[in-house]
Amino acid sequence: MIKNEIFRLLESKSARVGVIGLGYVGLPLATEFAGKGFKATGFEVDESKVARINTGESYIGDVESSLIKELVEKDRLRATTDFDDLKACDAIIICVPTPLRKTKEPDVSYILAAAEEIKKRLRRGQLVILESTTYPGTTDEVLLPMLEETGLRLDEDFLLAFSPERVDPGNPQFQTHNIPKVVGGVTDDSTEVAALLYSQIVNEVHAVSSARVAETAKLLENTFRAVNIGMANEMARLCYALNIDTWEVIRAAATKPFGFMPFYPGPGIGGHCIPLDPHYLSWKARQHGFDSRFIGLAEEVNSRMPEHVVQLVSDGLNDDRKSMKGARVLLLGVAYKKDIDDVRESPALSIIDRLRSKGCEVQYHDPLVSEVRFDDAHGAVNGEPLASVELTDEEIKAADCVVIVTDHSQVDYRRVIDLAQLVVDTRNALNGELRKGSAARIIRL
Ligand SMILES: NC(=O)c1ccc[n+]([C@@H]2O[C@H](COP(=O)([O-])OP(=O)(O)OC[C@H]3O[C@@H](n4cnc5c(N)ncnc54)[C@H](O)[C@@H]3O)[C@@H](O)[C@H]2O)c1
């Protein structure tokens, strides 16, 4: 049986693992396999990423360049743009992007492109796993028919599974090896072999009965976050209207040892997961005549947060008898979350765009993001990228309003609060101690 053949290769670590897409998910994964003694090959369409890996240079914050260098030198890790090398791989894991179309419908074209490359080279004895987040049914309704067009048969010739990725970029406590992995195969043999593969690199594997369950579990996790963040954001707006300190309310509620889990408000949601993934679920639900109302409501509340932040800036300036037009606004942080350099879907872009449309002069400082580019959705600023400014005393003093959008650890908030006139804090970066004795006026979300 094909299962036993692949089993033997995995147990002896003589299997070659191919990872398609070397981004935030794929690079740490390929590195983990290489570090555990497998030969790992990364397949990338971006030539510059391939060149950087092969010279031992990392471009992902959570992966050290020294580790990449060591694995490349030991001939355990390499990257390529040549998909013919897929033939030599025993396990192939797809980690390509799954964005949304402008219509907010799933865009699985990257998965299809990767699957097409596999299909051209599929051979007997291969295990194919999809990790990209997607709607329930993608693995067995889309990938399986494509792979079977080769004439090869599932279970007899190859195996196919889905295993969602849960990596949390910038989280020093939880990384690939200590985040439990959910695995669901299209067949039992596929589940068993995929579970064995992952058990070589993670402490805990949770096998489920099908690829659909694994696909849906991932969407539940991220929808859970989107909905609860939506609830926290609504509470923040409600508390602002009632003049109550939201953060103190959440801190108090979180002392309950059961039945409550704290979620925090913010300037809006960002990144490649929380703003997108729930749409994959609601789209699939709609195909079956089901309207997922929590998802729609959370999206509505979360997407209005940048507008609310701009309102706080306007309220603050108004109290100083200043208008938005011509006001100097300095944003601190443009990454979508603390201590990472990723600006995908970041609410900061929408905030900058809205402030500019009101006539504000906007600058930003982000120690991890040297410049941002605005796409069509965020209004091209004369096609020019906006560059991070240095956080000098003069820059802080000259700002009519400083807006903390991302609470990076490297920023000295004491200095900000000592020099600024007005601060809008969307992340509770200025905790009670910091606020004591501050000359700046502070408006918190
Ligand atoms: N970033 C996260 O925190 C995170 C967490 C969990 C799950 N995910 C999911 O994992 C998947 C990948 O996300 P990511 O953040 O790593 O994306 P990414 O954009 O950082 O990386 C994807 C990589 O795939 C490459 N690529 C695109 N098409 C390709 C092709 N046909 N062949 C080879 N390479 C190709 C891109 O050049 C890029 O380097 C998505 O489905 C995402 O939803 C992401």
# chains A, B, ... in the order shown; residues from 1 in each chain; ligands from 1

$ residues_near_ligand --ligand "ligand 1" --cutoff "6 Å" --atoms "only C-alpha atoms and all ligand atoms" --output "list in words"
Ile20, Gly21, Leu22, Gly23, Tyr24, Val25, Gly26, Phe43, Glu44, Val45, Asp46, Cys95, Val96, Pro97, Thr98, Tyr110, Ala113, Ala114, Ser132, Thr133, Glu165, Arg166, Val167, Asp168, Pro169, His272 and Cys273 of chain A

$ write_last_selection --atoms "N, CA, C and O atoms" --output "short mmCIF file (atom, residue, chain, number, x, y, z; two decimals), in the first residue's frame"
data_model
loop_
_atom_site.label_atom_id
_atom_site.label_comp_id
_atom_site.auth_asym_id
_atom_site.auth_seq_id
_atom_site.Cartn_x
_atom_site.Cartn_y
_atom_site.Cartn_z
N ILE A 20 5.55 24.82 -0.97
CA ILE A 20 5.28 25.79 -2.04
C ILE A 20 4.80 27.10 -1.42
O ILE A 20 3.76 27.14 -0.75
N GLY A 21 5.56 28.18 -1.63
CA GLY A 21 5.24 29.49 -1.04
C GLY A 21 6.04 29.70 0.22
O GLY A 21 5.75 29.10 1.26
N LEU A 22 7.10 30.52 0.13
CA LEU A 22 7.98 30.72 1.30
C LEU A 22 7.71 32.08 1.94
O LEU A 22 8.56 32.97 1.94
N GLY A 23 6.51 32.25 2.50
CA GLY A 23 6.17 33.50 3.17
C GLY A 23 6.16 33.32 4.67
O GLY A 23 6.92 32.52 5.22
N TYR A 24 5.28 34.06 5.35
CA TYR A 24 5.20 34.01 6.82
C TYR A 24 4.91 32.60 7.31
O TYR A 24 5.30 32.23 8.41
N VAL A 25 4.20 31.80 6.52
CA VAL A 25 3.84 30.44 6.91
C VAL A 25 4.87 29.44 6.38
O VAL A 25 5.40 28.61 7.12
N GLY A 26 5.16 29.51 5.09
CA GLY A 26 5.99 28.49 4.45
C GLY A 26 7.44 28.48 4.90
O GLY A 26 8.02 27.40 5.07
N PHE A 43 9.65 26.10 -2.76
CA PHE A 43 9.33 26.51 -4.15
C PHE A 43 8.70 27.88 -4.10
O PHE A 43 7.70 28.09 -3.40
N GLU A 44 9.28 28.84 -4.80
CA GLU A 44 8.82 30.22 -4.75
C GLU A 44 8.77 30.82 -6.14
O GLU A 44 9.59 30.50 -6.99
N VAL A 45 7.79 31.71 -6.35
CA VAL A 45 7.76 32.42 -7.64
C VAL A 45 8.59 33.71 -7.57
O VAL A 45 8.96 34.27 -8.60
N ASP A 46 8.86 34.17 -6.34
CA ASP A 46 9.61 35.42 -6.16
C ASP A 46 11.11 35.10 -6.13
O ASP A 46 11.64 34.57 -5.14
N CYS A 95 1.57 26.45 0.75
CA CYS A 95 1.42 27.58 1.70
C CYS A 95 1.34 28.91 0.95
O CYS A 95 2.05 29.86 1.27
N VAL A 96 0.51 28.98 -0.06
CA VAL A 96 0.41 30.19 -0.88
C VAL A 96 -0.70 31.11 -0.35
O VAL A 96 -1.54 30.68 0.44
N PRO A 97 -0.73 32.37 -0.76
CA PRO A 97 -1.74 33.29 -0.23
C PRO A 97 -3.16 32.93 -0.65
O PRO A 97 -3.37 32.33 -1.71
N THR A 98 -4.12 33.30 0.19
CA THR A 98 -5.54 33.15 -0.15
C THR A 98 -6.24 34.48 0.13
O THR A 98 -6.87 34.64 1.17
N TYR A 110 -4.17 31.33 -6.36
CA TYR A 110 -2.80 30.92 -6.00
C TYR A 110 -2.75 29.42 -5.69
O TYR A 110 -1.80 28.73 -6.03
N ALA A 113 -2.88 27.66 -8.99
CA ALA A 113 -1.59 27.73 -9.71
C ALA A 113 -0.61 26.72 -9.12
O ALA A 113 0.09 26.01 -9.86
N ALA A 114 -0.58 26.63 -7.79
CA ALA A 114 0.35 25.68 -7.14
C ALA A 114 -0.07 24.25 -7.48
O ALA A 114 0.78 23.40 -7.79
N SER A 132 -2.89 26.48 3.14
CA SER A 132 -3.48 27.81 2.99
C SER A 132 -4.91 27.81 3.51
O SER A 132 -5.67 26.87 3.22
N THR A 133 -5.27 28.85 4.22
CA THR A 133 -6.63 28.96 4.75
C THR A 133 -7.62 29.07 3.59
O THR A 133 -7.40 29.86 2.66
N GLU A 165 -2.70 26.22 9.08
CA GLU A 165 -1.56 26.84 9.73
C GLU A 165 -2.06 27.78 10.81
O GLU A 165 -3.05 28.47 10.63
N ARG A 166 -1.37 27.78 11.96
CA ARG A 166 -1.82 28.65 13.06
C ARG A 166 -0.74 29.61 13.51
O ARG A 166 -0.84 30.18 14.59
N VAL A 167 0.31 29.75 12.72
CA VAL A 167 1.45 30.57 13.16
C VAL A 167 0.99 31.99 13.53
O VAL A 167 0.08 32.54 12.91
N ASP A 168 1.59 32.53 14.57
CA ASP A 168 1.25 33.88 15.05
C ASP A 168 2.51 34.72 14.97
O ASP A 168 3.30 34.75 15.92
N PRO A 169 2.74 35.40 13.81
CA PRO A 169 4.01 36.12 13.65
C PRO A 169 4.28 37.08 14.82
O PRO A 169 3.37 37.75 15.30
N HIS A 272 -3.16 39.11 7.21
CA HIS A 272 -3.67 38.27 6.13
C HIS A 272 -4.75 37.30 6.60
O HIS A 272 -5.25 36.51 5.82
N CYS A 273 -5.13 37.36 7.89
CA CYS A 273 -6.06 36.33 8.38
C CYS A 273 -7.41 36.89 8.85
O CYS A 273 -8.43 36.64 8.20
#

$ closest_atom_pairs --of "stretch 314-378 of chain A" --to "stretch 418-434 of chain A" --cutoff "12 Å" --atoms "only C-alpha atoms" --output "CSV"
residue,atom,partner,partner_atom,distance
A:Ser314,CA,A:Val424,CA,10.2
A:Asp315,CA,A:Val424,CA,10.1
A:Gly316,CA,A:Leu422,CA,7.1
A:Leu317,CA,A:Leu422,CA,8.0
A:Asn318,CA,A:Leu422,CA,11.2
A:Asp319,CA,A:Leu422,CA,10.1
A:Asp320,CA,A:Leu422,CA,8.9
A:Lys322,CA,A:Leu422,CA,11.5
A:Ala327,CA,A:Leu422,CA,11.7
A:Arg328,CA,A:Leu422,CA,11.1
A:Val329,CA,A:Val423,CA,9.8
A:Leu330,CA,A:Val423,CA,9.4
A:Leu331,CA,A:Val424,CA,9.4
A:Leu332,CA,A:Asp425,CA,9.6
A:Gly333,CA,A:Arg427,CA,10.8
A:Tyr336,CA,A:Arg427,CA,11.7
A:Lys337,CA,A:Arg427,CA,10.0
A:Lys338,CA,A:Arg427,CA,9.7
A:Pro347,CA,A:Thr426,CA,11.3
A:Ala348,CA,A:Thr426,CA,11.0
A:Ile351,CA,A:Thr426,CA,11.7

$ closest_atom_pairs --of "stretch 146-166 of chain A" --to "stretch 211-234 of chain A" --cutoff "10 Å" --atoms "only C-alpha atoms" --output "CSV"
residue,atom,partner,partner_atom,distance
A:Leu160,CA,A:Ala211,CA,8.8
A:Ala161,CA,A:Ala211,CA,6.0
A:Phe162,CA,A:Ala211,CA,5.2
A:Ser163,CA,A:Ala214,CA,6.3
A:Pro164,CA,A:Lys218,CA,6.0
A:Glu165,CA,A:Lys218,CA,8.0
A:Arg166,CA,A:Lys218,CA,8.0

$ residues_around --residues "stretch 197-201 of chain A" --least-positions-apart "2" --cutoff "9 Å" --atoms "only C-alpha atoms" --output "PDB file with C-alpha atoms, in the first residue's frame"
ATOM      1  CA  PHE A   7       5.296   5.868   6.261  1.00  0.00           C
ATOM      2  CA  LEU A  10       8.886   9.576   7.004  1.00  0.00           C
ATOM      3  CA  GLU A  11       9.966   7.408   9.912  1.00  0.00           C
ATOM      4  CA  LYS A  13      13.491  10.885   7.821  1.00  0.00           C
ATOM      5  CA  LEU A  29       7.636  25.441   8.175  1.00  0.00           C
ATOM      6  CA  GLU A  32      11.358  23.392  10.946  1.00  0.00           C
ATOM      7  CA  PHE A  33      11.474  20.286   8.705  1.00  0.00           C
ATOM      8  CA  GLY A  35      16.002  21.514  11.375  1.00  0.00           C
ATOM      9  CA  LYS A  36      14.515  18.135  12.274  1.00  0.00           C
ATOM     10  CA  ALA A  91       5.580  15.290   0.756  1.00  0.00           C
ATOM     11  CA  THR A 176       5.531  26.131  14.809  1.00  0.00           C
ATOM     12  CA  HIS A 177       6.874  23.364  17.101  1.00  0.00           C
ATOM     13  CA  ASN A 178       4.651  24.103  20.120  1.00  0.00           C
ATOM     14  CA  LYS A 181      -1.536  20.929  14.490  1.00  0.00           C
ATOM     15  CA  VAL A 183      -4.862  17.393  10.355  1.00  0.00           C
ATOM     16  CA  GLU A 192      -2.729   8.964   9.181  1.00  0.00           C
ATOM     17  CA  VAL A 193       0.294   9.734   7.012  1.00  0.00           C
ATOM     18  CA  ALA A 194      -0.112  13.521   7.195  1.00  0.00           C
ATOM     19  CA  ALA A 195      -0.387  13.225  11.006  1.00  0.00           C
ATOM     20  CA  ASN A 203       4.586  18.397  19.872  1.00  0.00           C
ATOM     21  CA  GLU A 204       0.905  17.628  19.348  1.00  0.00           C
ATOM     22  CA  VAL A 205      -1.138  16.559  16.318  1.00  0.00           C
TER      23      VAL A 205
END

$ atom_distance --atom1 "atom CA of A:Lys39" --atom2 "atom CA of A:Ser14"
7.7 Å

$ select_by_dssp --residues "stretch 296-437 of chain A" --states "helix (DSSP H, G or I)" --output "PyMOL selection string"
chain A and resi 296-303+305-319+347-357+376-378+393-398+413-419+432-435

$ write_last_selection --atoms "N, CA and C atoms" --output "compact mmCIF listing (two decimals), in the first residue's frame"
# COMPACT_ATOMS: atom_id res chain seq x y z
N GLY A 296 -21.02 39.07 9.31
CA GLY A 296 -21.34 40.35 8.67
C GLY A 296 -21.30 41.50 9.67
N LEU A 297 -21.84 41.25 10.86
CA LEU A 297 -21.91 42.29 11.88
C LEU A 297 -20.50 42.65 12.37
N ALA A 298 -19.68 41.61 12.61
CA ALA A 298 -18.31 41.86 13.10
C ALA A 298 -17.55 42.68 12.06
N GLU A 299 -17.74 42.33 10.79
CA GLU A 299 -17.02 43.06 9.74
C GLU A 299 -17.44 44.53 9.72
N GLU A 300 -18.74 44.73 9.87
CA GLU A 300 -19.26 46.10 9.84
C GLU A 300 -18.66 46.93 10.99
N VAL A 301 -18.66 46.35 12.21
CA VAL A 301 -18.15 47.08 13.38
C VAL A 301 -16.64 47.31 13.23
N ASN A 302 -15.90 46.25 12.89
CA ASN A 302 -14.44 46.36 12.83
C ASN A 302 -13.99 47.32 11.72
N SER A 303 -14.70 47.30 10.60
CA SER A 303 -14.25 48.14 9.48
C SER A 303 -14.53 49.62 9.74
N MET A 305 -13.76 51.11 12.59
CA MET A 305 -12.86 51.62 13.64
C MET A 305 -11.92 52.71 13.13
N PRO A 306 -11.33 52.59 11.92
CA PRO A 306 -10.47 53.68 11.45
C PRO A 306 -11.22 55.03 11.44
N GLU A 307 -12.49 54.98 11.03
CA GLU A 307 -13.32 56.19 11.00
C GLU A 307 -13.47 56.75 12.42
N HIS A 308 -13.65 55.85 13.40
CA HIS A 308 -13.80 56.27 14.79
C HIS A 308 -12.51 56.92 15.29
N VAL A 309 -11.35 56.34 14.91
CA VAL A 309 -10.06 56.90 15.34
C VAL A 309 -9.93 58.33 14.79
N VAL A 310 -10.32 58.53 13.54
CA VAL A 310 -10.24 59.86 12.93
C VAL A 310 -11.18 60.82 13.68
N GLN A 311 -12.32 60.31 14.11
CA GLN A 311 -13.25 61.14 14.90
C GLN A 311 -12.60 61.57 16.22
N LEU A 312 -11.84 60.65 16.85
CA LEU A 312 -11.18 60.99 18.12
C LEU A 312 -10.13 62.09 17.90
N VAL A 313 -9.41 61.99 16.76
CA VAL A 313 -8.42 63.02 16.42
C VAL A 313 -9.15 64.36 16.25
N SER A 314 -10.25 64.33 15.51
CA SER A 314 -11.02 65.54 15.25
C SER A 314 -11.55 66.15 16.56
N ASP A 315 -12.07 65.29 17.46
CA ASP A 315 -12.58 65.77 18.75
C ASP A 315 -11.46 66.42 19.56
N GLY A 316 -10.28 65.76 19.55
CA GLY A 316 -9.14 66.28 20.32
C GLY A 316 -8.69 67.63 19.79
N LEU A 317 -8.59 67.75 18.48
CA LEU A 317 -8.16 69.02 17.88
C LEU A 317 -9.19 70.12 18.14
N ASN A 318 -10.44 69.73 18.05
CA ASN A 318 -11.54 70.67 18.28
C ASN A 318 -11.44 71.29 19.69
N ASP A 319 -11.14 70.43 20.68
CA ASP A 319 -11.01 70.93 22.05
C ASP A 319 -9.84 71.92 22.18
N PRO A 347 -5.02 48.79 9.47
CA PRO A 347 -5.95 49.92 9.58
C PRO A 347 -5.23 51.26 9.48
N ALA A 348 -3.91 51.27 9.74
CA ALA A 348 -3.15 52.53 9.67
C ALA A 348 -3.30 53.17 8.28
N LEU A 349 -3.34 52.33 7.24
CA LEU A 349 -3.42 52.86 5.87
C LEU A 349 -4.74 53.61 5.66
N SER A 350 -5.79 53.02 6.19
CA SER A 350 -7.10 53.66 6.05
C SER A 350 -7.15 54.94 6.90
N ILE A 351 -6.51 54.91 8.07
CA ILE A 351 -6.51 56.11 8.94
C ILE A 351 -5.74 57.24 8.25
N ILE A 352 -4.57 56.92 7.69
CA ILE A 352 -3.77 57.93 6.99
C ILE A 352 -4.59 58.55 5.85
N ASP A 353 -5.23 57.67 5.09
CA ASP A 353 -6.01 58.11 3.95
C ASP A 353 -7.16 59.04 4.37
N ARG A 354 -7.83 58.66 5.44
CA ARG A 354 -8.97 59.47 5.92
C ARG A 354 -8.49 60.82 6.47
N LEU A 355 -7.36 60.79 7.21
CA LEU A 355 -6.83 62.05 7.76
C LEU A 355 -6.43 62.99 6.62
N ARG A 356 -5.81 62.41 5.61
CA ARG A 356 -5.38 63.24 4.47
C ARG A 356 -6.57 63.84 3.76
N SER A 357 -7.64 63.05 3.64
CA SER A 357 -8.79 63.57 2.91
C SER A 357 -9.45 64.72 3.69
N ASP A 376 -4.76 51.11 -4.77
CA ASP A 376 -5.96 51.83 -5.20
C ASP A 376 -7.00 51.95 -4.09
N ALA A 377 -7.09 50.85 -3.30
CA ALA A 377 -8.11 50.82 -2.26
C ALA A 377 -7.86 51.91 -1.23
N HIS A 378 -6.59 52.29 -1.08
CA HIS A 378 -6.28 53.29 -0.06
C HIS A 378 -5.85 54.62 -0.68
N ASP A 393 12.63 64.65 19.08
CA ASP A 393 11.86 65.49 20.00
C ASP A 393 11.09 66.54 19.21
N GLU A 394 11.74 67.10 18.19
CA GLU A 394 11.12 68.17 17.39
C GLU A 394 9.87 67.64 16.69
N GLU A 395 9.96 66.42 16.15
CA GLU A 395 8.83 65.83 15.42
C GLU A 395 7.63 65.66 16.36
N ILE A 396 7.90 65.19 17.56
CA ILE A 396 6.80 64.97 18.52
C ILE A 396 6.18 66.31 18.93
N LYS A 397 7.08 67.27 19.22
CA LYS A 397 6.57 68.58 19.68
C LYS A 397 5.77 69.30 18.60
N ALA A 398 6.20 69.12 17.34
CA ALA A 398 5.56 69.84 16.23
C ALA A 398 4.18 69.27 15.88
N TYR A 413 7.45 55.52 25.09
CA TYR A 413 6.19 56.25 25.26
C TYR A 413 6.28 57.34 26.33
N ARG A 414 7.22 57.17 27.27
CA ARG A 414 7.44 58.21 28.29
C ARG A 414 7.83 59.53 27.59
N ARG A 415 8.77 59.41 26.65
CA ARG A 415 9.24 60.59 25.93
C ARG A 415 8.09 61.20 25.11
N VAL A 416 7.31 60.33 24.49
CA VAL A 416 6.19 60.81 23.66
C VAL A 416 5.24 61.62 24.51
N ILE A 417 4.89 61.08 25.65
CA ILE A 417 3.89 61.71 26.51
C ILE A 417 4.42 63.01 27.14
N ASP A 418 5.77 63.06 27.34
CA ASP A 418 6.37 64.27 27.92
C ASP A 418 6.42 65.41 26.92
N LEU A 419 6.50 65.08 25.62
CA LEU A 419 6.71 66.12 24.62
C LEU A 419 5.46 66.47 23.80
N GLY A 432 -1.63 53.38 33.17
CA GLY A 432 -1.89 54.33 34.25
C GLY A 432 -0.64 55.05 34.76
N GLU A 433 0.44 54.30 34.99
CA GLU A 433 1.67 54.88 35.52
C GLU A 433 2.20 55.96 34.58
N LEU A 434 2.20 55.61 33.29
CA LEU A 434 2.72 56.55 32.29
C LEU A 434 1.90 57.83 32.25
N ARG A 435 0.60 57.67 32.42
CA ARG A 435 -0.29 58.84 32.26
C ARG A 435 -0.18 59.82 33.43

$ closest_residue --among "A:Phe260, A:Phe158, A:Phe174, A:Phe290" --to "A:Arg124" --atoms "only C-alpha atoms"
A:Phe158

$ closest_residue --among "A:Ala439, A:Leu276, A:Thr41, A:Gly18" --to "A:Leu130" --atoms "only C-alpha atoms"
A:Gly18

$ atom_distance --atom1 "atom CA of A:Val72" --atom2 "atom CA of A:Arg8"
25.2 Å

$ select_by_dssp --residues "stretch 280-349 of chain A" --states "strand (DSSP E)" --output "ChimeraX atom specification"
/A:328-332

$ residues_around --residues "stretch 279-285 of chain A" --least-positions-apart "4" --cutoff "7 Å" --atoms "only C-alpha atoms" --output "list of chain:residue names"
A:Lys104, A:Glu105, A:Pro106, A:Thr134, A:Tyr135, A:Leu219, A:Gly289, A:Phe290, A:Asp291, A:Ser292

$ closest_residue --among "A:Ala440, A:Leu152, A:Ile274, A:Ile6" --to "A:Leu196" --atoms "only C-alpha atoms"
A:Ile6

$ closest_residue --among "A:Ser388, A:Val19, A:Asp157, A:Pro265" --to "A:Tyr240" --atoms "only C-alpha atoms"
A:Pro265

$ atom_distance --atom1 "atom CA of A:Glu131" --atom2 "atom CA of A:Glu156"
22.7 Å
